[in-house]
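> Below is the file query.cif, which contains mmCIF, C-alpha atoms.
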```cif
data_input
loop_
_atom_site.group_PDB
_atom_site.id
_atom_site.type_symbol
_atom_site.label_atom_id
_atom_site.label_comp_id
_atom_site.auth_asym_id
_atom_site.auth_seq_id
_atom_site.Cartn_x
_atom_site.Cartn_y
_atom_site.Cartn_z
ATOM 1 C CA MET T 1 3.024 -13.946 -164.102
ATOM 2 C CA THR T 2 5.115 -14.301 -160.944
ATOM 3 C CA LEU T 3 3.914 -12.089 -158.115
ATOM 4 C CA ARG T 4 6.559 -10.350 -156.018
ATOM 5 C CA ILE T 5 5.840 -10.791 -152.332
ATOM 6 C CA GLY T 6 7.664 -9.039 -149.504
ATOM 7 C CA LEU T 7 8.101 -10.983 -146.262
ATOM 8 C CA PHE T 8 8.417 -8.907 -143.120
ATOM 9 C CA GLY T 9 9.231 -10.972 -140.033
ATOM 10 C CA GLY T 10 9.183 -9.887 -136.408
ATOM 11 C CA THR T 11 7.632 -10.379 -133.009
ATOM 12 C CA PHE T 12 5.210 -7.452 -133.496
ATOM 13 C CA ASP T 13 4.805 -7.132 -129.725
ATOM 14 C CA PRO T 14 2.974 -4.860 -130.497
ATOM 15 C CA VAL T 15 2.846 -3.881 -134.168
ATOM 16 C CA HIS T 16 3.249 -0.091 -134.554
ATOM 17 C CA PHE T 17 3.349 2.645 -137.172
ATOM 18 C CA GLY T 18 7.091 2.161 -137.718
ATOM 19 C CA HIS T 19 6.437 -1.415 -138.872
ATOM 20 C CA LEU T 20 3.671 -0.299 -141.215
ATOM 21 C CA MET T 21 5.740 2.514 -142.709
ATOM 22 C CA ALA T 22 8.695 0.166 -143.240
ATOM 23 C CA ALA T 23 6.467 -2.365 -145.007
ATOM 24 C CA GLU T 24 5.016 0.319 -147.264
ATOM 25 C CA ALA T 25 8.464 1.770 -148.045
ATOM 26 C CA ALA T 26 9.692 -1.697 -149.084
ATOM 27 C CA ARG T 27 6.551 -2.378 -151.142
ATOM 28 C CA GLU T 28 6.970 0.862 -153.032
ATOM 29 C CA ALA T 29 10.732 0.526 -153.565
ATOM 30 C CA ALA T 30 10.557 -3.019 -154.983
ATOM 31 C CA ASP T 31 7.150 -2.721 -156.659
ATOM 32 C CA LEU T 32 5.818 -5.603 -154.565
ATOM 33 C CA ALA T 33 2.327 -6.953 -155.137
ATOM 34 C CA GLU T 34 1.881 -7.577 -151.407
ATOM 35 C CA VAL T 35 3.714 -7.524 -148.100
ATOM 36 C CA TRP T 36 3.112 -10.457 -145.770
ATOM 37 C CA PHE T 37 3.752 -9.904 -142.066
ATOM 38 C CA VAL T 38 5.312 -13.066 -140.610
ATOM 39 C CA PRO T 39 5.150 -13.118 -136.802
ATOM 40 C CA VAL T 40 7.755 -15.359 -135.182
ATOM 41 C CA LEU T 41 6.910 -17.827 -132.432
ATOM 42 C CA VAL T 42 10.253 -17.700 -130.602
ATOM 43 C CA PRO T 43 12.591 -14.858 -131.611
ATOM 44 C CA PRO T 44 16.145 -16.251 -131.682
ATOM 45 C CA HIS T 45 17.911 -13.117 -130.368
ATOM 46 C CA LYS T 46 15.280 -11.465 -128.153
ATOM 47 C CA PRO T 47 13.363 -12.262 -124.973
ATOM 48 C CA PRO T 48 10.067 -14.080 -125.561
ATOM 49 C CA PRO T 49 7.121 -11.839 -126.486
ATOM 50 C CA GLU T 50 4.942 -10.527 -123.657
ATOM 51 C CA ALA T 51 1.705 -10.824 -125.643
ATOM 52 C CA SER T 52 0.425 -14.278 -126.576
ATOM 53 C CA VAL T 53 0.514 -15.589 -130.133
ATOM 54 C CA ARG T 54 -3.240 -14.994 -130.443
ATOM 55 C CA GLN T 55 -2.930 -11.427 -129.168
ATOM 56 C CA ARG T 56 -0.069 -10.585 -131.549
ATOM 57 C CA LEU T 57 -2.045 -12.037 -134.474
ATOM 58 C CA ASP T 58 -5.147 -10.091 -133.441
ATOM 59 C CA MET T 59 -3.177 -6.827 -133.265
ATOM 60 C CA LEU T 60 -1.610 -7.424 -136.684
ATOM 61 C CA GLU T 61 -4.998 -8.159 -138.240
ATOM 62 C CA LEU T 62 -6.439 -4.988 -136.705
ATOM 63 C CA ALA T 63 -3.484 -2.892 -137.885
ATOM 64 C CA ILE T 64 -3.707 -3.958 -141.540
ATOM 65 C CA ARG T 65 -7.408 -4.688 -142.000
ATOM 66 C CA ASP T 66 -7.956 -1.721 -144.315
ATOM 67 C CA VAL T 67 -4.780 -2.224 -146.376
ATOM 68 C CA PRO T 68 -5.511 -4.574 -149.294
ATOM 69 C CA HIS T 69 -1.840 -5.235 -150.161
ATOM 70 C CA PHE T 70 -0.889 -6.250 -146.583
ATOM 71 C CA ARG T 71 -1.684 -9.625 -145.042
ATOM 72 C CA VAL T 72 -0.617 -11.783 -142.100
ATOM 73 C CA GLU T 73 1.150 -15.086 -142.818
ATOM 74 C CA PRO T 74 1.235 -17.218 -139.629
ATOM 75 C CA ILE T 75 3.409 -20.011 -141.062
ATOM 76 C CA GLU T 76 6.157 -19.664 -138.433
ATOM 77 C CA LEU T 77 3.671 -20.057 -135.594
ATOM 78 C CA ASP T 78 2.991 -23.654 -136.635
ATOM 79 C CA ARG T 79 6.582 -24.771 -136.056
ATOM 80 C CA PRO T 80 8.009 -25.372 -132.578
ATOM 81 C CA GLY T 81 11.346 -23.942 -131.501
ATOM 82 C CA PRO T 82 13.425 -21.253 -133.188
ATOM 83 C CA SER T 83 12.354 -20.475 -136.715
ATOM 84 C CA TYR T 84 14.949 -20.187 -139.460
ATOM 85 C CA THR T 85 14.133 -18.001 -142.440
ATOM 86 C CA ILE T 86 15.294 -20.634 -144.936
ATOM 87 C CA ASP T 87 12.722 -23.104 -143.535
ATOM 88 C CA THR T 88 9.993 -20.510 -143.986
ATOM 89 C CA ILE T 89 11.091 -19.797 -147.562
ATOM 90 C CA GLU T 90 11.139 -23.498 -148.434
ATOM 91 C CA ALA T 91 7.633 -23.995 -147.040
ATOM 92 C CA LEU T 92 6.197 -20.881 -148.712
ATOM 93 C CA SER T 93 7.824 -21.727 -152.053
ATOM 94 C CA ARG T 94 6.159 -25.151 -152.009
ATOM 95 C CA ARG T 95 2.817 -23.612 -151.080
ATOM 96 C CA TYR T 96 3.029 -20.685 -153.522
ATOM 97 C CA PRO T 97 5.155 -21.714 -156.531
ATOM 98 C CA ASP T 98 3.902 -18.712 -158.538
ATOM 99 C CA ARG T 99 5.385 -16.162 -156.101
ATOM 100 C CA SER T 100 8.886 -14.736 -155.819
ATOM 101 C CA PHE T 101 9.855 -13.762 -152.293
ATOM 102 C CA TRP T 102 11.718 -10.674 -151.109
ATOM 103 C CA LEU T 103 12.902 -10.457 -147.509
ATOM 104 C CA ILE T 104 12.466 -7.061 -145.884
ATOM 105 C CA VAL T 105 15.261 -6.402 -143.402
ATOM 106 C CA GLY T 106 16.712 -3.416 -141.587
ATOM 107 C CA SER T 107 20.190 -2.238 -142.511
ATOM 108 C CA ASP T 108 21.620 -3.783 -139.325
ATOM 109 C CA MET T 109 20.228 -7.202 -140.268
ATOM 110 C CA ALA T 110 21.352 -6.800 -143.887
ATOM 111 C CA ASN T 111 24.935 -6.430 -142.697
ATOM 112 C CA ASP T 112 24.605 -9.702 -140.743
ATOM 113 C CA LEU T 113 23.071 -11.765 -143.574
ATOM 114 C CA PRO T 114 26.162 -13.941 -144.206
ATOM 115 C CA GLY T 115 25.861 -15.254 -140.636
ATOM 116 C CA TRP T 116 22.270 -16.452 -141.039
ATOM 117 C CA HIS T 117 21.430 -20.167 -141.013
ATOM 118 C CA ARG T 118 22.113 -21.646 -144.490
ATOM 119 C CA ALA T 119 22.754 -18.101 -145.690
ATOM 120 C CA GLU T 120 24.108 -18.869 -149.155
ATOM 121 C CA GLU T 121 21.147 -21.086 -149.967
ATOM 122 C CA LEU T 122 18.832 -18.345 -148.739
ATOM 123 C CA ALA T 123 20.567 -15.827 -151.035
ATOM 124 C CA ARG T 124 19.924 -18.112 -154.013
ATOM 125 C CA ARG T 125 16.211 -18.362 -153.223
ATOM 126 C CA VAL T 126 15.173 -14.803 -152.339
ATOM 127 C CA ARG T 127 16.034 -11.185 -152.905
ATOM 128 C CA PHE T 128 16.604 -8.761 -150.030
ATOM 129 C CA ILE T 129 15.232 -5.263 -149.465
ATOM 130 C CA ALA T 130 17.458 -3.478 -146.963
ATOM 131 C CA LEU T 131 15.731 -0.531 -145.324
ATOM 132 C CA GLU T 132 18.420 1.956 -144.403
ATOM 133 C CA ARG T 133 17.988 3.857 -141.189
ATOM 134 C CA PRO T 134 19.685 7.244 -140.828
ATOM 135 C CA GLY T 135 23.217 6.703 -139.509
ATOM 136 C CA GLU T 136 23.042 2.934 -140.081
ATOM 137 C CA PRO T 137 24.088 2.288 -143.689
ATOM 138 C CA VAL T 138 24.237 -1.060 -145.426
ATOM 139 C CA ARG T 139 27.915 -1.984 -145.780
ATOM 140 C CA GLU T 140 27.602 -3.569 -149.208
ATOM 141 C CA ASP T 141 31.358 -3.664 -149.749
ATOM 142 C CA ALA T 142 31.652 -6.002 -146.750
ATOM 143 C CA LEU T 143 29.015 -8.432 -148.060
ATOM 144 C CA PRO T 144 29.916 -11.429 -150.224
ATOM 145 C CA GLU T 145 28.990 -11.062 -153.887
ATOM 146 C CA ALA T 146 26.137 -13.582 -153.582
ATOM 147 C CA PHE T 147 24.364 -11.146 -151.255
ATOM 148 C CA ARG T 148 25.336 -7.906 -153.005
ATOM 149 C CA LEU T 149 23.792 -9.147 -156.266
ATOM 150 C CA ARG T 150 20.500 -9.986 -154.532
ATOM 151 C CA LEU T 151 20.198 -6.829 -152.417
ATOM 152 C CA MET T 152 18.161 -3.707 -153.020
ATOM 153 C CA ARG T 153 18.575 -0.700 -150.743
ATOM 154 C CA ALA T 154 15.595 1.491 -149.867
ATOM 155 C CA PRO T 155 15.314 4.507 -147.571
ATOM 156 C CA MET T 156 13.527 3.927 -144.286
ATOM 157 C CA PRO T 157 11.268 6.721 -143.039
ATOM 158 C CA PRO T 158 12.944 8.160 -139.914
ATOM 159 C CA VAL T 159 10.413 6.986 -137.326
ATOM 160 C CA GLY T 160 11.793 6.508 -133.836
ATOM 161 C CA ILE T 161 9.203 4.055 -132.511
ATOM 162 C CA ALA T 162 10.069 0.726 -130.894
ATOM 163 C CA SER T 163 7.799 -1.967 -129.471
ATOM 164 C CA ALA T 164 9.823 -1.967 -126.222
ATOM 165 C CA GLU T 165 9.143 1.747 -125.783
ATOM 166 C CA ILE T 166 5.414 1.192 -126.328
ATOM 167 C CA ARG T 167 5.342 -1.573 -123.707
ATOM 168 C CA ARG T 168 7.228 0.673 -121.280
ATOM 169 C CA ARG T 169 4.827 3.581 -121.858
ATOM 170 C CA VAL T 170 1.844 1.307 -121.155
ATOM 171 C CA ARG T 171 3.460 0.057 -117.927
ATOM 172 C CA GLU T 172 4.047 3.670 -116.878
ATOM 173 C CA GLY T 173 0.445 4.615 -117.615
ATOM 174 C CA ARG T 174 1.448 6.947 -120.464
ATOM 175 C CA SER T 175 -0.321 7.435 -123.789
ATOM 176 C CA ILE T 176 0.505 5.334 -126.848
ATOM 177 C CA ARG T 177 -1.903 7.223 -129.085
ATOM 178 C CA PHE T 178 -0.229 7.908 -132.466
ATOM 179 C CA TYR T 179 2.364 5.177 -131.765
ATOM 180 C CA VAL T 180 0.041 2.392 -132.903
ATOM 181 C CA PRO T 181 -3.113 2.310 -135.051
ATOM 182 C CA GLU T 182 -6.167 3.223 -132.986
ATOM 183 C CA PRO T 183 -7.749 -0.279 -133.135
ATOM 184 C CA VAL T 184 -4.453 -1.707 -131.782
ATOM 185 C CA ARG T 185 -4.384 0.882 -128.976
ATOM 186 C CA GLU T 186 -7.975 -0.033 -128.049
ATOM 187 C CA TYR T 187 -7.096 -3.740 -128.106
ATOM 188 C CA ILE T 188 -4.080 -3.204 -125.816
ATOM 189 C CA THR T 189 -6.170 -1.156 -123.382
ATOM 190 C CA GLY T 190 -9.182 -3.473 -123.521
ATOM 191 C CA ASN T 191 -7.075 -6.573 -122.849
ATOM 192 C CA GLY T 192 -4.821 -5.038 -120.205
ATOM 193 C CA LEU T 193 -1.722 -5.845 -122.273
ATOM 194 C CA TYR T 194 1.709 -4.678 -121.073
ATOM 195 C CA ALA T 195 0.248 -3.198 -117.877
ATOM 196 C CA LYS T 196 2.176 -3.226 -114.589
ATOM 197 C CA LYS T 197 2.978 -6.712 -113.386
#
```
Will you turn the file into structure tokens for me?

Amino acid sequence: MTLRIGLFGGTFDPVHFGHLMAAEAAREAADLAEVWFVPVLVPPHKPPPEASVRQRLDMLELAIRDVPHFRVEPIELDRPGPSYTIDTIEALSRRYPDRSFWLIVGSDMANDLPGWHRAEELARRVRFIALERPGEPVREDALPEAFRLRLMRAPMPPVGIASAEIRRRVREGRSIRFYVPEPVREYITGNGLYAKK
């Protein structure tokens, strides 16, 4: 039997409850066996992460340690330079031929899928779960048929948490309790992450 695996990429700098809720919403909507969190080494459209690779991995492991259907997949951290999703899919498909992969994306990213690197090939190899944020719908009618046929829409819990806001709150000496899992909060505090520079 082919297992359905959701892939959730990001910098996770730091991972927070919004990420975890999104992963669970996608898992439930598509009946996924597992969701694999795939931290990127160099995000192509964002500034570099403030936390180190090791720190981001540690925080992810702490955040999901009690969730049996979540795991961390560090495959993109082994490749230098910008990481293209199609390269990740090719590598994972070779490593796990008995899995089918579903990419978890926000509605904003779903609308941009045709512009991704080797996008049509990617659409042939995976299915997409588009998490719709309130006020940010997926514009399916604007997507080419190859993407529309491979896309599932799922509601995203309305959680207004962003990693940038968490980093800012830490710099300002404000609480991040209830923004991140408690072990992640303790890790950030204990390692002096995101503090004033």
> So, counting all atoms listed in the file, which residue among T:Pro134, T:Asp112, T:Gly106, T:Ile176 is closest to Phe147 (chain T)?
T:Asp112
> One number please: CA of Phe12 (chain T) to CA of Leu149 (chain T), in Å, one decimal.
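About the pair CA of Phe12 (chain T) and CA of Leu149 (chain T): they are 29.4 Å apart.
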> Let me make sure I understand: among T:Ile5, T:Met59, T:Val35, T:Ala25, which one has the smallest atom-to-atom distance to Gly190 (chain T) if we use only C-alpha atoms?
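Between T:Ile5, T:Met59, T:Val35, T:Ala25, the residue approaching Gly190 (chain T) most closely is T:Met59.
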> List the neighbours of His19 (chain T) out to 10 Å using all atoms listed in the file; skip same-chain residues closer than 6 positions along the sequence, and give me the result as a list of chain:residue names.
T:Phe8, T:Gly10, T:Phe12, T:Ala25, T:Phe37, T:Val159, T:Ile161, T:Ala162, T:Ser163, T:Val180
> Of the residues T:Val38, T:Ile64, T:Thr189, T:Met156, which is the one nearest to Arg174 (chain T), using all atoms listed in the file?
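Counting all atoms listed in the file, the residue closest to Arg174 (chain T) is T:Thr189.
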> Residue by residue, what does the PyMOL selection byres ((chain T and resi 14) around 8) grab here? Present the result as a list of chain:residue names.
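For this structure, the PyMOL selection byres ((chain T and resi 14) around 8) resolves to T:Thr11, T:Phe12, T:Asp13, T:Val15, T:His16, T:Ala51, T:Arg56, T:Met59, T:Ser163, T:Ile166, T:Arg167.
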> Restricting it to C-alpha atoms, dump the selection as an mmCIF file, in the coordinates of the input.

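Result file follows (result-v8.cif):
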```cif
data_model
loop_
_atom_site.group_PDB
_atom_site.id
_atom_site.type_symbol
_atom_site.label_atom_id
_atom_site.label_comp_id
_atom_site.auth_asym_id
_atom_site.auth_seq_id
_atom_site.Cartn_x
_atom_site.Cartn_y
_atom_site.Cartn_z
ATOM 1 C CA THR T 11 7.632 -10.379 -133.009
ATOM 2 C CA PHE T 12 5.210 -7.452 -133.496
ATOM 3 C CA ASP T 13 4.805 -7.132 -129.725
ATOM 4 C CA VAL T 15 2.846 -3.881 -134.168
ATOM 5 C CA HIS T 16 3.249 -0.091 -134.554
ATOM 6 C CA ALA T 51 1.705 -10.824 -125.643
ATOM 7 C CA ARG T 56 -0.069 -10.585 -131.549
ATOM 8 C CA MET T 59 -3.177 -6.827 -133.265
ATOM 9 C CA SER T 163 7.799 -1.967 -129.471
ATOM 10 C CA ILE T 166 5.414 1.192 -126.328
ATOM 11 C CA ARG T 167 5.342 -1.573 -123.707
#
```
> Considering all atoms listed in the file, state which residue in the set T:Val126, T:Val53, T:Leu20, T:Arg185 is at the smallest distance from Leu92 (chain T).
T:Val126
> Could you tell me, as a list in words, exactly which residues end up selected when the PyMOL selection byres ((chain T and resi 32) around 9) is applied to this structure?
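Taken on the displayed file, the PyMOL selection byres ((chain T and resi 32) around 9) yields the residues Leu3, Arg4, Ile5, Gly6, Ala26, Arg27, Glu28, Ala29, Ala30, Asp31, Ala33, Glu34, Val35, His69 and Trp102 of chain T.
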> Could you state the separation of CA of Pro144 (chain T) and CA of Ala91 (chain T) in Å, given to one decimal place?
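CA of Pro144 (chain T) sits 25.8 Å away from CA of Ala91 (chain T).
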> What do you get, as a ChimeraX atom specification, if you spell out every residue that the PyMOL selection byres ((chain T and resi 71-87) around 6) selects here?
/T:36-38,40-42,44,70,88-90,122
> For the atom pair CA of Thr2 (chain T) and CA of Ser93 (chain T), what is the interatomic distance in Å to one decimal place?
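Computing the Euclidean distance for CA of Thr2 (chain T) and CA of Ser93 (chain T) yields 11.9 Å.
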> When you count all atoms listed in the file, which of these residues is closest to Val184 (chain T): T:Arg133, T:His45, T:Arg65, T:Lys196?
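Closest candidate: T:Arg65.
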> Please list as a list in words every residue within 12 Å of Glu145 (chain T), counting all atoms listed in the file and excluding residues in the same chain fewer than 6 positions away.
Leu113, Pro114, Glu120, Ala123, Arg124 and Leu151 of chain T
> From the set T:Gly9, T:Pro137, T:Pro183, T:Ile188, which residue has the shortest atom-to-atom contact distance to Ala23 (chain T), counting only C-alpha atoms?
T:Gly9
